[in-house]
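Source file: upload-v7.txt; contents: compact mmCIF, C-alpha atoms.
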# COMPACT_ATOMS: atom_id res chain seq x y z
CA MET A 1411 0.00 0.00 0.00
CA PHE A 1412 2.48 2.63 1.16
CA SER A 1413 5.04 1.88 -1.53
CA GLN A 1414 2.74 3.68 -3.98
CA LEU A 1415 2.94 6.99 -2.09
CA PRO A 1416 5.13 9.78 -3.52
CA THR A 1417 7.90 11.41 -1.53
CA PRO A 1418 6.21 14.16 0.53
CA THR A 1419 6.82 17.84 -0.11
CA LEU A 1420 7.97 19.67 3.00
CA ASP A 1421 5.74 22.43 4.33
CA PRO A 1422 7.42 25.71 3.31
CA ILE A 1423 6.96 27.30 6.73
CA LEU A 1424 6.88 24.52 9.34
CA SER A 1425 9.97 22.89 7.86
CA LEU A 1426 11.91 26.09 8.60
CA SER A 1427 11.49 25.50 12.33
CA VAL A 1428 13.21 22.13 12.05
CA ALA A 1429 16.08 23.61 10.06
CA TYR A 1430 16.40 26.47 12.55
CA ARG A 1431 16.56 24.13 15.55
CA ASN A 1432 19.29 22.09 13.86
CA ASP A 1433 21.37 25.16 13.00
CA PRO A 1434 24.33 25.36 15.46
CA ARG A 1435 25.14 29.03 14.80
CA PRO A 1436 24.67 31.19 17.92
CA GLU A 1437 23.67 34.28 15.93
CA LYS A 1438 20.78 32.55 14.10
CA VAL A 1439 17.40 34.36 13.97
CA ASP A 1440 14.05 32.66 13.33
CA LEU A 1441 11.80 34.98 11.29
CA GLY A 1442 9.95 32.12 9.60
CA ILE A 1443 7.09 30.63 11.58
CA GLY A 1444 4.48 33.16 12.73
CA VAL A 1445 4.75 33.35 16.49
CA TYR A 1446 5.18 36.37 18.73
CA LYS A 1447 8.38 36.57 20.78
CA ASN A 1448 9.19 38.97 23.61
CA SER A 1449 12.46 40.84 24.15
CA ALA A 1450 14.03 37.67 25.56
CA GLY A 1451 13.19 35.73 22.40
CA GLU A 1452 10.51 33.67 24.14
CA THR A 1453 6.88 33.08 23.19
CA PRO A 1454 5.31 33.73 26.60
CA VAL A 1455 2.11 32.54 28.19
CA MET A 1456 0.07 35.74 28.50
CA ARG A 1457 -0.67 36.93 32.02
CA ALA A 1458 -4.42 36.74 31.54
CA VAL A 1459 -4.10 33.20 30.17
CA SER A 1460 -1.98 32.13 33.14
CA GLN A 1461 -4.55 33.54 35.56
CA ALA A 1462 -7.42 31.96 33.64
CA GLN A 1463 -5.67 28.59 33.83
CA ASP A 1464 -5.71 28.82 37.61
CA VAL A 1465 -9.46 29.50 37.49
CA VAL A 1466 -10.13 26.60 35.09
CA VAL A 1467 -8.07 24.15 37.14
CA ALA A 1468 -9.85 25.23 40.34
CA THR A 1469 -13.39 25.12 38.93
CA GLN A 1470 -13.48 22.48 36.17
CA THR A 1471 -14.92 19.30 37.61
CA THR A 1472 -15.04 17.04 34.54
CA LYS A 1473 -13.24 16.16 31.32
CA SER A 1474 -16.37 14.76 29.70
CA TYR A 1475 -17.27 15.55 26.09
CA VAL A 1476 -18.42 19.11 25.42
CA GLY A 1477 -20.24 18.56 22.12
CA LEU A 1478 -19.85 18.91 18.37
CA ALA A 1479 -20.01 22.72 18.46
CA GLY A 1480 -17.41 22.96 21.19
CA CYS A 1481 -17.91 25.50 23.97
CA GLU A 1482 -20.99 27.58 23.18
CA GLU A 1483 -19.94 30.34 25.59
CA PHE A 1484 -16.68 30.58 23.67
CA ASN A 1485 -18.59 30.71 20.38
CA GLN A 1486 -20.71 33.59 21.61
CA SER A 1487 -17.62 35.39 22.91
CA MET A 1488 -16.03 35.19 19.44
CA ILE A 1489 -19.19 36.53 17.84
CA ASP A 1490 -19.26 39.41 20.33
CA LEU A 1491 -15.57 40.20 19.84
CA LEU A 1492 -15.95 40.48 16.08
CA LEU A 1493 -19.50 41.62 15.39
CA SER A 1494 -20.75 43.51 18.45
CA GLY A 1495 -22.95 46.44 17.48
CA THR A 1496 -23.79 45.16 14.00
CA SER A 1497 -27.06 43.92 12.52
CA ALA A 1498 -25.33 40.59 11.99
CA MET A 1499 -25.80 39.82 15.69
CA ASP A 1500 -29.41 38.87 14.91
CA ARG A 1501 -28.53 36.41 12.11
CA VAL A 1502 -25.31 34.65 13.08
CA ALA A 1503 -24.14 31.23 14.24
CA ALA A 1504 -20.72 29.85 15.15
CA ILE A 1505 -18.93 26.63 15.96
CA GLN A 1506 -15.60 26.17 17.72
CA THR A 1507 -12.94 24.59 15.50
CA PRO A 1508 -9.38 23.22 15.81
CA GLY A 1509 -7.73 26.55 15.00
CA ALA A 1510 -8.54 28.87 12.12
CA SER A 1511 -7.26 26.28 9.64
CA GLY A 1512 -9.94 23.91 10.94
CA ALA A 1513 -12.48 26.70 10.47
CA LEU A 1514 -11.31 27.26 6.90
CA ARG A 1515 -11.84 23.60 6.09
CA MET A 1516 -15.25 23.44 7.76
CA LEU A 1517 -16.48 26.45 5.80
CA GLY A 1518 -14.88 25.12 2.62
CA ASP A 1519 -16.81 21.88 3.04
CA LEU A 1520 -19.99 23.84 3.81
CA MET A 1521 -19.61 25.86 0.60
CA LYS A 1522 -19.08 22.69 -1.42
CA ILE A 1523 -22.37 21.26 -0.13
CA ALA A 1524 -24.40 24.48 -0.32
CA GLN A 1525 -23.07 25.63 -3.70
CA PRO A 1526 -20.97 22.92 -5.39
CA ASN A 1527 -19.71 25.10 -8.26
CA THR A 1528 -18.25 27.76 -5.96
CA THR A 1529 -15.03 29.50 -6.97
CA VAL A 1530 -13.08 31.02 -4.07
CA TRP A 1531 -11.11 34.15 -4.98
CA ILE A 1532 -7.98 34.65 -2.87
CA SER A 1533 -5.46 37.47 -2.85
CA ASN A 1534 -2.17 37.22 -4.72
CA PRO A 1535 -0.27 36.43 -2.53
CA SER A 1536 -2.24 34.93 0.36
CA TYR A 1537 -1.81 32.77 3.44
CA VAL A 1538 -0.06 29.61 2.30
CA ASN A 1539 -2.88 27.37 3.57
CA HIS A 1540 -5.78 29.15 1.84
CA LYS A 1541 -5.41 27.52 -1.57
CA PRO A 1542 -4.73 23.91 -0.47
CA VAL A 1543 -7.55 23.92 2.08
CA MET A 1544 -10.11 25.26 -0.40
CA GLU A 1545 -8.96 22.82 -3.07
CA ALA A 1546 -9.03 19.93 -0.58
CA ALA A 1547 -12.69 20.82 -0.01
CA GLY A 1548 -13.25 20.39 -3.76
CA LEU A 1549 -13.59 24.09 -4.58
CA LYS A 1550 -12.10 26.00 -7.50
CA VAL A 1551 -9.57 28.72 -6.56
CA LYS A 1552 -8.86 31.92 -8.45
CA TYR A 1553 -6.47 34.75 -7.56
CA TYR A 1554 -7.21 38.48 -7.53
CA SER A 1555 -4.54 41.18 -7.73
CA TYR A 1556 -3.52 42.54 -4.36
CA PHE A 1557 0.11 43.45 -3.66
CA SER A 1558 2.28 45.77 -5.75
CA ALA A 1559 5.85 44.49 -5.97
CA ASP A 1560 6.96 48.04 -6.74
CA THR A 1561 5.29 50.01 -3.94
CA LYS A 1562 5.02 47.12 -1.44
CA GLN A 1563 1.46 48.30 -0.79
CA VAL A 1564 -2.03 47.18 -1.83
CA ASP A 1565 -2.75 47.88 -5.49
CA GLN A 1566 -6.34 48.92 -4.84
CA GLU A 1567 -7.18 49.77 -8.44
CA LYS A 1568 -6.13 46.36 -9.79
CA MET A 1569 -7.76 44.58 -6.85
CA LEU A 1570 -11.12 46.24 -7.37
CA SER A 1571 -10.90 45.72 -11.13
CA ASP A 1572 -10.39 41.99 -10.65
CA LEU A 1573 -13.11 41.67 -8.01
CA SER A 1574 -15.60 43.45 -10.29
CA HIS A 1575 -15.66 40.16 -12.26
CA ALA A 1576 -16.65 38.02 -9.27
CA GLY A 1577 -20.28 36.87 -9.50
CA LYS A 1578 -23.07 35.13 -7.65
CA ASP A 1579 -21.36 31.71 -7.66
CA ASP A 1580 -18.17 33.16 -6.20
CA VAL A 1581 -16.76 33.68 -2.73
CA VAL A 1582 -14.15 36.41 -2.14
CA LEU A 1583 -11.72 35.64 0.67
CA LEU A 1584 -10.37 38.73 2.44
CA HIS A 1585 -7.87 39.15 5.27
CA GLY A 1586 -9.63 40.98 8.11
CA CYS A 1587 -6.41 42.74 9.16
CA CYS A 1588 -2.63 42.20 9.21
CA HIS A 1589 -2.45 40.57 5.78
CA ASN A 1590 -0.44 37.36 5.69
CA PRO A 1591 2.17 37.32 4.15
CA THR A 1592 2.57 40.94 3.03
CA GLY A 1593 1.57 43.05 6.04
CA ALA A 1594 -0.16 45.45 3.61
CA ASP A 1595 -3.80 45.97 4.60
CA ILE A 1596 -6.73 47.29 2.59
CA ASN A 1597 -8.06 50.60 3.90
CA PHE A 1598 -11.62 51.36 4.96
CA ASP A 1599 -12.45 52.85 1.55
CA ALA A 1600 -11.56 49.50 -0.03
CA TRP A 1601 -13.78 47.67 2.46
CA GLN A 1602 -16.65 49.95 1.44
CA GLN A 1603 -16.03 49.45 -2.27
CA ILE A 1604 -15.75 45.66 -1.97
CA THR A 1605 -19.00 45.67 0.01
CA SER A 1606 -20.66 47.62 -2.81
CA LEU A 1607 -19.36 45.10 -5.34
CA ALA A 1608 -20.76 42.24 -3.23
CA GLN A 1609 -24.15 43.95 -3.16
CA LYS A 1610 -24.07 44.61 -6.91
CA ASN A 1611 -22.58 41.34 -8.20
CA GLY A 1612 -23.91 38.91 -5.60
CA PHE A 1613 -20.65 37.28 -4.47
CA THR A 1614 -20.26 36.18 -0.85
CA PRO A 1615 -17.46 37.74 1.25
CA PHE A 1616 -15.35 35.42 3.38
CA VAL A 1617 -13.21 37.17 6.00
CA ASP A 1618 -10.29 35.37 7.64
CA ILE A 1619 -9.32 37.44 10.69
CA ALA A 1620 -6.52 35.63 12.52
CA TYR A 1621 -4.68 38.65 13.99
CA GLN A 1622 -7.33 40.92 15.52
CA GLY A 1623 -5.59 43.35 17.87
CA PHE A 1624 -2.14 43.06 16.28
CA GLY A 1625 -2.73 45.76 13.66
CA GLU A 1626 -4.27 48.98 14.96
CA GLY A 1627 -6.14 47.57 17.95
CA LEU A 1628 -9.08 45.27 18.68
CA GLU A 1629 -11.83 47.65 17.58
CA GLU A 1630 -10.04 49.26 14.63
CA ASP A 1631 -8.97 45.87 13.24
CA ALA A 1632 -12.63 44.76 13.08
CA LYS A 1633 -13.92 48.00 11.53
CA GLY A 1634 -13.95 46.81 7.92
CA LEU A 1635 -15.46 43.43 8.79
CA ARG A 1636 -18.21 45.07 10.84
CA PHE A 1637 -19.09 47.48 8.04
CA MET A 1638 -19.33 44.59 5.61
CA ALA A 1639 -21.38 42.41 7.98
CA ASN A 1640 -23.81 45.31 8.43
CA ASN A 1641 -24.33 45.69 4.69
CA VAL A 1642 -24.39 42.24 3.07
CA GLU A 1643 -26.89 39.44 3.44
CA GLU A 1644 -24.37 36.65 3.87
CA ILE A 1645 -20.76 36.52 5.05
CA LEU A 1646 -18.41 33.76 6.22
CA ILE A 1647 -15.81 34.39 8.92
CA THR A 1648 -12.91 32.43 10.37
CA THR A 1649 -11.07 33.58 13.47
CA SER A 1650 -8.20 32.38 15.63
CA CYS A 1651 -7.02 32.78 19.22
CA SER A 1652 -3.48 31.63 18.41
CA LYS A 1653 -2.00 35.11 18.17
CA ASN A 1654 -4.07 37.51 20.25
CA PHE A 1655 -4.36 35.06 23.16
CA GLY A 1656 -1.01 33.33 22.51
CA LEU A 1657 -2.74 29.94 22.34
CA TYR A 1658 -0.80 28.56 19.38
CA ARG A 1659 -0.62 24.92 20.46
CA GLU A 1660 -4.17 24.80 21.86
CA ARG A 1661 -5.69 25.10 18.34
CA THR A 1662 -8.51 27.42 19.30
CA GLY A 1663 -10.58 28.94 16.50
CA ALA A 1664 -14.13 29.46 15.27
CA ALA A 1665 -16.14 29.31 12.06
CA ILE A 1666 -18.88 31.94 11.89
CA VAL A 1667 -21.76 32.19 9.44
CA VAL A 1668 -23.88 35.32 8.94
CA GLY A 1669 -27.01 34.85 6.81
CA GLN A 1670 -30.26 36.43 5.74
CA SER A 1671 -32.09 35.04 8.77
CA GLN A 1672 -31.45 33.14 11.97
CA GLU A 1673 -33.24 30.16 10.43
CA HIS A 1674 -30.77 30.06 7.54
CA VAL A 1675 -27.69 30.20 9.78
CA ASN A 1676 -29.14 27.58 12.13
CA ASN A 1677 -29.40 25.28 9.10
CA ALA A 1678 -25.81 26.11 8.19
CA LYS A 1679 -24.68 25.39 11.74
CA GLY A 1680 -26.47 22.05 11.66
CA LYS A 1681 -24.61 21.09 8.50
CA LEU A 1682 -21.30 22.25 10.06
CA LEU A 1683 -21.95 19.97 13.02
CA THR A 1684 -22.53 17.05 10.67
CA LEU A 1685 -19.25 17.87 8.94
CA ALA A 1686 -17.47 18.11 12.27
CA ARG A 1687 -18.80 14.70 13.29
CA SER A 1688 -17.31 13.13 10.17
CA THR A 1689 -13.86 14.69 10.70
CA TYR A 1690 -12.69 15.51 14.24
CA THR A 1691 -16.05 15.16 16.11
CA MET A 1692 -15.23 17.67 18.85
CA PRO A 1693 -12.64 20.46 19.02
CA PRO A 1694 -10.13 20.58 21.92
CA ASP A 1695 -11.58 22.27 24.98
CA HIS A 1696 -8.72 23.79 26.98
CA GLY A 1697 -8.01 26.87 24.85
CA ALA A 1698 -11.69 27.71 24.49
CA ALA A 1699 -12.18 27.34 28.25
CA LEU A 1700 -9.37 29.84 28.83
CA VAL A 1701 -10.72 32.38 26.33
CA LYS A 1702 -14.25 32.04 27.71
CA THR A 1703 -12.95 32.55 31.25
CA ILE A 1704 -11.01 35.67 30.25
CA LEU A 1705 -13.82 37.31 28.30
CA LYS A 1706 -16.49 36.61 30.93
CA ASP A 1707 -14.40 38.23 33.69
CA GLN A 1708 -13.98 42.02 33.56
CA GLN A 1709 -10.68 42.05 35.40
CA LEU A 1710 -9.17 39.29 33.25
CA THR A 1711 -10.46 41.05 30.13
CA ARG A 1712 -8.69 44.26 31.21
CA VAL A 1713 -5.45 42.37 31.84
CA TRP A 1714 -5.71 40.67 28.43
CA LYS A 1715 -6.47 43.88 26.54
CA GLN A 1716 -3.59 45.68 28.21
CA GLU A 1717 -1.10 42.93 27.37
CA LEU A 1718 -2.40 42.68 23.80
CA SER A 1719 -1.98 46.44 23.43
CA GLU A 1720 1.59 46.17 24.71
CA MET A 1721 2.33 43.47 22.14
CA GLN A 1722 0.81 45.54 19.34
CA GLN A 1723 2.82 48.61 20.35
CA ARG A 1724 5.99 46.55 20.51
CA LEU A 1725 5.42 45.34 16.95
CA LEU A 1726 5.16 48.97 15.82
CA ASN A 1727 8.37 49.80 17.68
CA LEU A 1728 10.21 46.84 16.14
CA ARG A 1729 9.21 47.99 12.67
CA LYS A 1730 10.36 51.53 13.38
CA SER A 1731 13.62 50.38 14.98
CA LEU A 1732 14.47 48.14 12.04
CA CYS A 1733 13.78 50.97 9.58
CA ASP A 1734 15.75 53.43 11.71
CA GLU A 1735 18.71 51.04 11.72
CA LEU A 1736 18.54 50.67 7.95
CA ARG A 1737 18.27 54.44 7.46
CA ASN A 1738 20.82 55.57 10.03
CA SER A 1739 23.47 52.85 9.88
CA HIS A 1740 23.17 51.89 6.20
CA ASN A 1741 21.85 55.10 4.63
CA THR A 1742 19.02 53.35 2.82
CA SER A 1743 15.32 54.14 2.64
CA GLN A 1744 14.67 51.15 0.38
CA PHE A 1745 12.80 49.32 3.15
CA ASN A 1746 10.74 52.18 4.57
CA PHE A 1747 7.59 50.27 3.60
CA ILE A 1748 8.22 47.94 6.54
CA GLU A 1749 7.12 50.70 8.91
CA SER A 1750 3.74 51.10 7.22
CA HIS A 1751 2.82 47.42 7.23
CA LYS A 1752 0.56 45.97 9.93
CA GLY A 1753 0.79 42.96 12.19
CA MET A 1754 3.42 40.26 12.29
CA PHE A 1755 4.58 39.97 8.71
CA THR A 1756 6.34 41.87 5.95
CA VAL A 1757 7.35 40.80 2.46
CA LEU A 1758 10.83 42.13 1.73
CA GLY A 1759 10.56 41.75 -2.03
CA PHE A 1760 13.49 39.33 -2.03
CA SER A 1761 13.78 36.42 -4.46
CA PRO A 1762 13.99 32.82 -3.21
CA GLU A 1763 17.73 32.99 -3.90
CA GLN A 1764 18.11 36.06 -1.70
CA MET A 1765 16.10 34.41 1.07
CA SER A 1766 18.38 31.37 0.78
CA ARG A 1767 21.39 33.66 1.19
CA LEU A 1768 19.88 35.16 4.34
CA ARG A 1769 19.52 31.66 5.75
CA ASP A 1770 22.75 30.07 4.48
CA GLU A 1771 25.15 32.99 5.02
CA TYR A 1772 23.62 34.70 8.05
CA GLY A 1773 21.37 32.14 9.78
CA ILE A 1774 18.30 34.36 9.29
CA TYR A 1775 15.30 32.17 8.53
CA GLY A 1776 12.46 33.61 6.46
CA VAL A 1777 9.98 32.10 4.00
CA GLY A 1778 11.08 31.62 0.39
CA ASP A 1779 8.46 34.08 -0.89
CA GLY A 1780 10.26 36.89 0.96
CA ARG A 1781 8.11 36.91 4.10
CA ILE A 1782 9.71 37.65 7.45
CA ASN A 1783 8.05 37.62 10.85
CA ILE A 1784 8.64 40.98 12.52
CA ALA A 1785 7.22 39.49 15.72
CA GLY A 1786 10.12 37.04 15.75
CA LEU A 1787 12.68 39.83 16.16
CA THR A 1788 14.26 40.82 19.43
CA GLU A 1789 15.69 44.28 19.94
CA LYS A 1790 19.24 42.94 20.07
CA ASP A 1791 18.79 41.20 16.70
CA ILE A 1792 17.96 44.38 14.79
CA PRO A 1793 21.51 45.59 13.89
CA TYR A 1794 22.52 42.09 12.73
CA VAL A 1795 19.33 41.55 10.71
CA ALA A 1796 19.51 45.02 9.12
CA ASP A 1797 23.13 44.46 8.11
CA ALA A 1798 22.28 41.10 6.53
CA ILE A 1799 19.27 42.55 4.66
CA VAL A 1800 21.44 45.29 3.15
CA LYS A 1801 24.19 42.86 2.15
CA VAL A 1802 21.73 40.48 0.51
CA SER A 1803 19.84 43.26 -1.28
Output the file's structure as structure tokens, nothing else.
Amino acid sequence: MFSQLPTPTLDPILSLSVAYRNDPRPEKVDLGIGVYKNSAGETPVMRAVSQAQDVVVATQTTKSYVGLAGCEEFNQSMIDLLLSGTSAMDRVAAIQTPGASGALRMLGDLMKIAQPNTTVWISNPSYVNHKPVMEAAGLKVKYYSYFSADTKQVDQEKMLSDLSHAGKDDVVLLHGCCHNPTGADINFDAWQQITSLAQKNGFTPFVDIAYQGFGEGLEEDAKGLRFMANNVEEILITTSCSKNFGLYRERTGAAIVVGQSQEHVNNAKGKLLTLARSTYTMPPDHGAALVKTILKDQQLTRVWKQELSEMQQRLLNLRKSLCDELRNSHNTSQFNFIESHKGMFTVLGFSPEQMSRLRDEYGIYGVGDGRINIAGLTEKDIPYVADAIVKVS
């Protein structure tokens, strides 16, 4: 049986972690996998999460099954965090999933059942898992223009021109904030124009928001999504607690469906539960229990929001410090765009060969498409990384 299987292709991001761990050089820097690190180079357990764990351990009396939908209090908390104050609150349903990737697959499978000829439009470039997950669900995938290699910003004119051709059998996948991999976000005007196109052409928006709070703040990062949810009949949403709660290994996410009526989304939720039963049955509970505990307690919520704000501000400072080092020590403004990008990632505009040089000559690990994780930097790394970037460029 197994002799017929082809040699597997390594994951372009996760394989970097293995190579990094095996690299003996003391000056190595891991800017590949998307995790947040503090000034000591550690991915910490957030203070609110640590306190919530004490509460869960003290109060949880059973490890029995929770159910196909996962923790319903968690599901409602995710809805509130993303859609509070919108008309969508009266026509929404959610299920807990094993991370946002699990949510992507659940909604991909739902689309395949509800509308088998769906084409999912994704940005060029996009999160590395978007295309394979949608194709694994049996859906067609098409790219729309997004990132300008020249300006390192969103090419709004080309994007809107491409999306004007999306129709009623199409789903347009958008990054809610902190675009992965580029770090270049669409502005509120673009959100409004895409919403108008959805109303006019009949396509369904699908918003993947995995980094809420890492861009401009919790409320500002949801502004475009909330406008869209207020003004379209149907919208699909995936969200993750990996980054903004630091729960990477707990695989805590949610799939959210907004429809024309509560009856419609209840039907969609029922089908999602059937799909869940045939795949993983029930999502892991621990991460959802922590998030629910934090968001139902005012003091823990304050602690969490404060720490998240500190992380977001530190990302801004890291971007500025890296650009300052490039400008002041190397007399180059070539990489000023890094300062305007949002969230964890930036695309340097380097070729795969240049990214290989960063890794092979300097021990700086980034993705072959030119993506580096700003959140993987420590302050002490900045002079070394800036020097290597200049030499490779």
* Which residue of A:Thr1471, A:Asn1783, A:Ser1803, A:Ser1719 approaches Phe1655 (chain A) most closely, using only C-alpha atoms -> A:Ser1719
* Asked: So how many Å separate CA of Pro1615 (chain A) and CA of Ile1645 (chain A), to one decimal?
  ->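 Interatomic distance, CA of Pro1615 (chain A) to CA of Ile1645 (chain A): 5.2 Å.
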* **All residues 6 Å or closer to region 1607-1614 of chain A, all atoms listed in the file, same chain fewer than 2 positions away omitted, as a VMD selection string** => chain A and resid 1577 to 1578 1580 to 1581 1604 to 1605 1645
When you look at Leu1683 (chain A) with a cut-off of 6 Å (counting all atoms listed in the file), what residues show up, excluding the ones that are within fewer than 3 positions of it in the same chain? I need them as a JSON list (two decimals) with C-alpha atoms, in the frame of the given file.
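For reference, out_12.json as written:
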[["chain", "number", "residue", "atom", "x", "y", "z"],
["A", 1478, "LEU", "CA", -19.85, 18.91, 18.37],
["A", 1680, "GLY", "CA", -26.47, 22.05, 11.66],
["A", 1686, "ALA", "CA", -17.47, 18.11, 12.27]]
* Record the distance separating CA of Cys1587 (chain A) and CA of Glu1630 (chain A), expressed in Å with one decimal. =>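 If I compute the distance from CA of Cys1587 (chain A) to CA of Glu1630 (chain A), I get 9.3 Å.
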* Can you work out the spacing between CA of Ile1619 (chain A) and CA of Met1516 (chain A) in Å, to one decimal? =>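 Calculated distance between CA of Ile1619 (chain A) and CA of Met1516 (chain A) is 15.5 Å.
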* Residue nearest Met1499 (chain A) among A:Pro1542, A:Gly1669, A:Gly1627, A:Gly1656 (counting all atoms listed in the file) ->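 Of A:Pro1542, A:Gly1669, A:Gly1627, A:Gly1656, the one nearest Met1499 (chain A) is A:Gly1669, counting all atoms listed in the file.
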Could you list, as a short mmCIF file (atom, residue, chain, number, x, y, z; two decimals) with C-alpha atoms, keeping the file's coordinate frame, every residue within 12 Å of region 1786-1795 of chain A, counting only C-alpha atoms and ignoring same-chain residues fewer than 3 positions away?
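Full text of result_1.cif as output:
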data_model
loop_
_atom_site.label_atom_id
_atom_site.label_comp_id
_atom_site.auth_asym_id
_atom_site.auth_seq_id
_atom_site.Cartn_x
_atom_site.Cartn_y
_atom_site.Cartn_z
CA PRO A 1436 24.67 31.19 17.92
CA GLU A 1437 23.67 34.28 15.93
CA LYS A 1438 20.78 32.55 14.10
CA VAL A 1439 17.40 34.36 13.97
CA ASP A 1440 14.05 32.66 13.33
CA LEU A 1441 11.80 34.98 11.29
CA GLY A 1442 9.95 32.12 9.60
CA ILE A 1443 7.09 30.63 11.58
CA GLY A 1444 4.48 33.16 12.73
CA VAL A 1445 4.75 33.35 16.49
CA TYR A 1446 5.18 36.37 18.73
CA LYS A 1447 8.38 36.57 20.78
CA ASN A 1448 9.19 38.97 23.61
CA SER A 1449 12.46 40.84 24.15
CA ALA A 1450 14.03 37.67 25.56
CA GLY A 1451 13.19 35.73 22.40
CA GLU A 1452 10.51 33.67 24.14
CA THR A 1453 6.88 33.08 23.19
CA MET A 1721 2.33 43.47 22.14
CA ARG A 1724 5.99 46.55 20.51
CA LEU A 1725 5.42 45.34 16.95
CA LEU A 1726 5.16 48.97 15.82
CA ASN A 1727 8.37 49.80 17.68
CA LEU A 1728 10.21 46.84 16.14
CA ARG A 1729 9.21 47.99 12.67
CA LYS A 1730 10.36 51.53 13.38
CA SER A 1731 13.62 50.38 14.98
CA LEU A 1732 14.47 48.14 12.04
CA CYS A 1733 13.78 50.97 9.58
CA ASP A 1734 15.75 53.43 11.71
CA GLU A 1735 18.71 51.04 11.72
CA LEU A 1736 18.54 50.67 7.95
CA ARG A 1737 18.27 54.44 7.46
CA ASN A 1738 20.82 55.57 10.03
CA SER A 1739 23.47 52.85 9.88
CA HIS A 1740 23.17 51.89 6.20
CA GLY A 1753 0.79 42.96 12.19
CA MET A 1754 3.42 40.26 12.29
CA PHE A 1755 4.58 39.97 8.71
CA THR A 1756 6.34 41.87 5.95
CA LEU A 1768 19.88 35.16 4.34
CA ARG A 1769 19.52 31.66 5.75
CA GLU A 1771 25.15 32.99 5.02
CA TYR A 1772 23.62 34.70 8.05
CA GLY A 1773 21.37 32.14 9.78
CA ILE A 1774 18.30 34.36 9.29
CA TYR A 1775 15.30 32.17 8.53
CA GLY A 1776 12.46 33.61 6.46
CA ARG A 1781 8.11 36.91 4.10
CA ILE A 1782 9.71 37.65 7.45
CA ASN A 1783 8.05 37.62 10.85
CA ALA A 1798 22.28 41.10 6.53
CA ILE A 1799 19.27 42.55 4.66
CA VAL A 1800 21.44 45.29 3.15
CA LYS A 1801 24.19 42.86 2.15
CA VAL A 1802 21.73 40.48 0.51
#
Hey, could you pull the box centre and edge lengths for region 1479-1497 of chain A, axis-aligned, 8 Å padding per side, all listed atoms, to one decimal in Å, as JSON?
{"center_x": -21.3, "center_y": 34.6, "center_z": 19.1, "size_x": 27.5, "size_y": 39.7, "size_z": 29.1}
* Asked: Once you count only C-alpha atoms, which residues end up no further than 6 Å from (-13.8, 29.2, -2.1) in the file's frame, shown as a count of residues only?
  -> 5
* Near Val1675 (chain A), within 8 Å and counting all atoms listed in the file, which residues show up once chain neighbours fewer than 6 positions away are dropped, as a PyMOL selection string? -> chain A and resi 1501-1503+1667-1669
* Residue neighbourhood Gly1663 (chain A), 12 Å, all atoms listed in the file, exclusion window fewer than 2 positions, as a VMD selection string -> chain A and resid 1479 to 1481 1484 to 1485 1487 to 1489 1504 to 1516 1618 to 1621 1647 to 1655 1657 to 1661 1665 to 1666 1693 to 1699 1701
* To do: May I ask which of the residues A:Lys1568, A:Glu1482, A:Gly1586, A:Pro1591 is the closest one to Arg1636 (chain A), counting only C-alpha atoms?
  =>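 With only C-alpha atoms as the atom set, the closest residue is A:Gly1586.
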* Which is closest to Lys1702 (chain A) among A:Val1459, A:Ala1796, A:Leu1758, A:Ala1576, if we use only C-alpha atoms? ->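 So, comparing all the options, the nearest one is A:Val1459.
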* Can you work out which one of A:Leu1573, A:Val1582, A:Met1456, A:Leu1491 has the shortest atom-to-atom distance to Glu1644 (chain A), counting all atoms listed in the file? =>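 Closest to Glu1644 (chain A) of all the choices is A:Val1582.
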* **Nearest to His1589 (chain A) by atom-to-atom distance, counting all atoms listed in the file, from A:Asp1433, A:Lys1633, A:Lys1550, A:Lys1752** => A:Lys1752
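Those residues positioned at most 10 Å from (0.3, 47.2, -1.9) are A:Ser1555, A:Tyr1556, A:Phe1557, A:Ser1558, A:Ala1559, A:Asp1560, A:Thr1561, A:Lys1562, A:Gln1563, A:Val1564, A:Asp1565, A:Gln1566, A:Met1569, A:Thr1592, A:Gly1593, A:Ala1594, A:Asp1595, A:Ile1596, A:Phe1747, A:His1751, judged using all atoms listed in the file.
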Can you take region 1675-1681 of chain A from the block and write N, CA and C atoms as a PDB file, in the first residue's frame?
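Final output, saved to decode.pdb:
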ATOM      1  N   VAL A1675     -28.996  30.497   9.155  1.00  0.00           N
ATOM      2  CA  VAL A1675     -27.692  30.203   9.776  1.00  0.00           C
ATOM      3  C   VAL A1675     -27.786  29.021  10.731  1.00  0.00           C
ATOM      4  N   ASN A1676     -28.966  28.789  11.317  1.00  0.00           N
ATOM      5  CA  ASN A1676     -29.137  27.584  12.132  1.00  0.00           C
ATOM      6  C   ASN A1676     -29.013  26.332  11.260  1.00  0.00           C
ATOM      7  N   ASN A1677     -29.547  26.402  10.033  1.00  0.00           N
ATOM      8  CA  ASN A1677     -29.403  25.285   9.102  1.00  0.00           C
ATOM      9  C   ASN A1677     -27.934  25.080   8.733  1.00  0.00           C
ATOM     10  N   ALA A1678     -27.239  26.196   8.520  1.00  0.00           N
ATOM     11  CA  ALA A1678     -25.806  26.115   8.188  1.00  0.00           C
ATOM     12  C   ALA A1678     -25.026  25.521   9.355  1.00  0.00           C
ATOM     13  N   LYS A1679     -25.367  25.930  10.564  1.00  0.00           N
ATOM     14  CA  LYS A1679     -24.677  25.392  11.737  1.00  0.00           C
ATOM     15  C   LYS A1679     -24.931  23.893  11.862  1.00  0.00           C
ATOM     16  N   GLY A1680     -26.161  23.476  11.602  1.00  0.00           N
ATOM     17  CA  GLY A1680     -26.472  22.053  11.658  1.00  0.00           C
ATOM     18  C   GLY A1680     -25.630  21.246  10.689  1.00  0.00           C
ATOM     19  N   LYS A1681     -25.440  21.781   9.489  1.00  0.00           N
ATOM     20  CA  LYS A1681     -24.612  21.087   8.499  1.00  0.00           C
ATOM     21  C   LYS A1681     -23.147  21.091   8.937  1.00  0.00           C
TER      22      LYS A1681
END
